[in-house]
Amino acid sequence: MRYLTMALSKGRLAELSIDLLEKVGIDCTELKQKSRKLIFTDEKNRIRFFLAKPADVPIYVEYGAADIGIVGKDTLLEEGRNLYEVLNLKFAACKMCVAGPKDLEGKMDTLTITRVATKYPEIAKEYFRHKRRESVEIIKLSGSVELAPLVGLSEVIVDLVETGKTLKENGLVVLDTIADISARLIVNRVSMKMESERINSLIIDLRREIEKEE
């Protein structure tokens, strides 16, 4: 039996993914050890894991270098890859929002926005072009996007909002919600056909575990 290869997003998502995988009987011992290894194995279940930057996980899955991946919905929306999104894992939940200064609250419908700062240019473009039918300049930033409206770089931002604490501390508010975000299980299209039994069995186990925790 060949190994199923799973790509996990580095950081907090990996920790939460490991918790869930262990609950369905997958051995993540190797993965939890501090080491310089790049590929980790659960021999009993014939599963290999590797950690990747979140934005790279859908790429590994689309091209078949990984059969399965766990990644945030924000990354999937931004990357737009050709793969199956099979299960909402419900953890790492937050929202993708348009935010701006408090004095813009309730004025989204009458507001003329010219510049938007974001780490998610594709999501922002899709929202403003298709939902609001507005032509705006999207400015891609890598750091704290909350700074942009405060220094006049943009009128609004598009960003992930978990608690809203950072927004509040900087005098910003949510103006509109674009999408609900959480971790998702994704599968390569060919793997879904070739390894359907094993992958579906894993999906069923994970779904059962998630429902138990709700």
# chains A, B, ... in the order shown; residues from 1 in each chain; ligands from 1

call {"tool": "residues_around", "arguments": {"residues": "region 140-157 of chain A", "least_positions_apart": "4", "cutoff": "7 Å", "atoms": "only C-alpha atoms", "output": "list in words"}}
result
Val98, Ala99, Gly100, Ile113, Arg115, Val116, Ala117, Thr118, Lys119, Pro121 and Leu167 of chain A

call {"tool": "select_by_dssp", "arguments": {"residues": "chain A", "states": "strand (DSSP E or B)", "output": "PyMOL selection string"}}
result
chain A and resi 4-9+39-42+47-52+68-72+84-88+94-101+115-118+137-140+156-161+172-181+183-187

call {"tool": "write_last_selection", "arguments": {"atoms": "C-alpha atoms", "output": "PDB file, in the first residue's frame"}}
result
ATOM      1  CA  LEU A   4      -0.911   8.998   1.327  1.00  0.00           C
ATOM      2  CA  THR A   5       0.905  12.324   1.425  1.00  0.00           C
ATOM      3  CA  MET A   6      -0.553  15.176   3.462  1.00  0.00           C
ATOM      4  CA  ALA A   7       0.560  18.830   3.344  1.00  0.00           C
ATOM      5  CA  LEU A   8      -0.061  20.836   6.503  1.00  0.00           C
ATOM      6  CA  SER A   9       0.104  24.618   6.859  1.00  0.00           C
ATOM      7  CA  ILE A  39       8.983  14.649   5.738  1.00  0.00           C
ATOM      8  CA  PHE A  40       7.402  12.784   8.649  1.00  0.00           C
ATOM      9  CA  THR A  41       5.751   9.383   8.624  1.00  0.00           C
ATOM     10  CA  ASP A  42       2.961   7.438  10.290  1.00  0.00           C
ATOM     11  CA  ILE A  47       0.675   8.471   5.787  1.00  0.00           C
ATOM     12  CA  ARG A  48       3.493  10.915   5.081  1.00  0.00           C
ATOM     13  CA  PHE A  49       3.301  14.535   6.220  1.00  0.00           C
ATOM     14  CA  PHE A  50       5.168  17.668   5.377  1.00  0.00           C
ATOM     15  CA  LEU A  51       4.823  21.253   6.554  1.00  0.00           C
ATOM     16  CA  ALA A  52       4.605  24.096   4.048  1.00  0.00           C
ATOM     17  CA  ILE A  68      -4.414  15.861   0.824  1.00  0.00           C
ATOM     18  CA  GLY A  69      -3.867  19.225   2.486  1.00  0.00           C
ATOM     19  CA  ILE A  70      -5.146  21.301   5.368  1.00  0.00           C
ATOM     20  CA  VAL A  71      -5.279  25.032   4.746  1.00  0.00           C
ATOM     21  CA  GLY A  72      -7.342  28.119   5.558  1.00  0.00           C
ATOM     22  CA  TYR A  84     -11.451  19.495  -4.272  1.00  0.00           C
ATOM     23  CA  GLU A  85     -12.404  21.272  -1.044  1.00  0.00           C
ATOM     24  CA  VAL A  86     -14.046  18.392   0.794  1.00  0.00           C
ATOM     25  CA  LEU A  87     -14.523  19.328   4.426  1.00  0.00           C
ATOM     26  CA  ASN A  88     -14.860  22.370   6.669  1.00  0.00           C
ATOM     27  CA  CYS A  94     -12.495  34.041  11.580  1.00  0.00           C
ATOM     28  CA  LYS A  95     -13.922  36.357   8.913  1.00  0.00           C
ATOM     29  CA  MET A  96     -12.555  38.068   5.812  1.00  0.00           C
ATOM     30  CA  CYS A  97     -13.733  41.646   6.131  1.00  0.00           C
ATOM     31  CA  VAL A  98     -13.615  45.118   4.664  1.00  0.00           C
ATOM     32  CA  ALA A  99     -12.590  47.471   7.480  1.00  0.00           C
ATOM     33  CA  GLY A 100     -11.992  51.180   7.757  1.00  0.00           C
ATOM     34  CA  PRO A 101     -12.188  54.224  10.062  1.00  0.00           C
ATOM     35  CA  ARG A 115      -7.729  52.523  -2.893  1.00  0.00           C
ATOM     36  CA  VAL A 116      -7.799  49.311  -0.877  1.00  0.00           C
ATOM     37  CA  ALA A 117      -4.825  47.901   1.061  1.00  0.00           C
ATOM     38  CA  THR A 118      -4.636  44.148   1.678  1.00  0.00           C
ATOM     39  CA  GLU A 137      -6.713  50.304  -6.932  1.00  0.00           C
ATOM     40  CA  ILE A 138      -5.572  47.333  -4.871  1.00  0.00           C
ATOM     41  CA  ILE A 139      -2.370  47.905  -2.891  1.00  0.00           C
ATOM     42  CA  LYS A 140      -0.701  44.691  -1.698  1.00  0.00           C
ATOM     43  CA  VAL A 156     -10.257  50.832   3.568  1.00  0.00           C
ATOM     44  CA  ILE A 157      -8.529  47.477   4.029  1.00  0.00           C
ATOM     45  CA  VAL A 158      -9.469  43.864   3.320  1.00  0.00           C
ATOM     46  CA  ASP A 159      -8.150  41.545   6.021  1.00  0.00           C
ATOM     47  CA  LEU A 160      -8.856  38.624   8.334  1.00  0.00           C
ATOM     48  CA  VAL A 161     -10.655  39.563  11.532  1.00  0.00           C
ATOM     49  CA  LEU A 172     -11.137  50.889  12.792  1.00  0.00           C
ATOM     50  CA  VAL A 173     -14.384  48.936  12.391  1.00  0.00           C
ATOM     51  CA  VAL A 174     -15.721  46.151  10.163  1.00  0.00           C
ATOM     52  CA  LEU A 175     -17.660  47.712   7.272  1.00  0.00           C
ATOM     53  CA  ASP A 176     -18.647  44.487   5.492  1.00  0.00           C
ATOM     54  CA  THR A 177     -18.011  40.742   5.767  1.00  0.00           C
ATOM     55  CA  ILE A 178     -16.776  39.068   2.592  1.00  0.00           C
ATOM     56  CA  ALA A 179     -16.553  35.431   3.749  1.00  0.00           C
ATOM     57  CA  ASP A 180     -16.460  33.112   6.754  1.00  0.00           C
ATOM     58  CA  ILE A 181     -13.003  31.577   7.045  1.00  0.00           C
ATOM     59  CA  ALA A 183      -9.483  25.445   8.057  1.00  0.00           C
ATOM     60  CA  ARG A 184     -10.494  23.191   5.151  1.00  0.00           C
ATOM     61  CA  LEU A 185      -9.478  19.710   4.015  1.00  0.00           C
ATOM     62  CA  ILE A 186      -8.484  19.709   0.349  1.00  0.00           C
ATOM     63  CA  VAL A 187      -7.807  16.772  -1.979  1.00  0.00           C
TER      64      VAL A 187
END

call {"tool": "atom_distance", "arguments": {"atom1": "CA of Lys212 (chain A)", "atom2": "CA of Asp19 (chain A)"}}
result
14.2 Å

call {"tool": "residues_around", "arguments": {"residues": "Ile26 (chain A)", "least_positions_apart": "2", "cutoff": "10 Å", "atoms": "only C-alpha atoms", "output": "PyMOL selection string"}}
result
chain A and resi 18-24+28-29+42-47+202

call {"tool": "atom_distance", "arguments": {"atom1": "CA of Glu214 (chain A)", "atom2": "CA of Ala14 (chain A)"}}
result
20.4 Å

call {"tool": "atom_distance", "arguments": {"atom1": "CA of Lys10 (chain A)", "atom2": "CA of Glu79 (chain A)"}}
result
16.8 Å
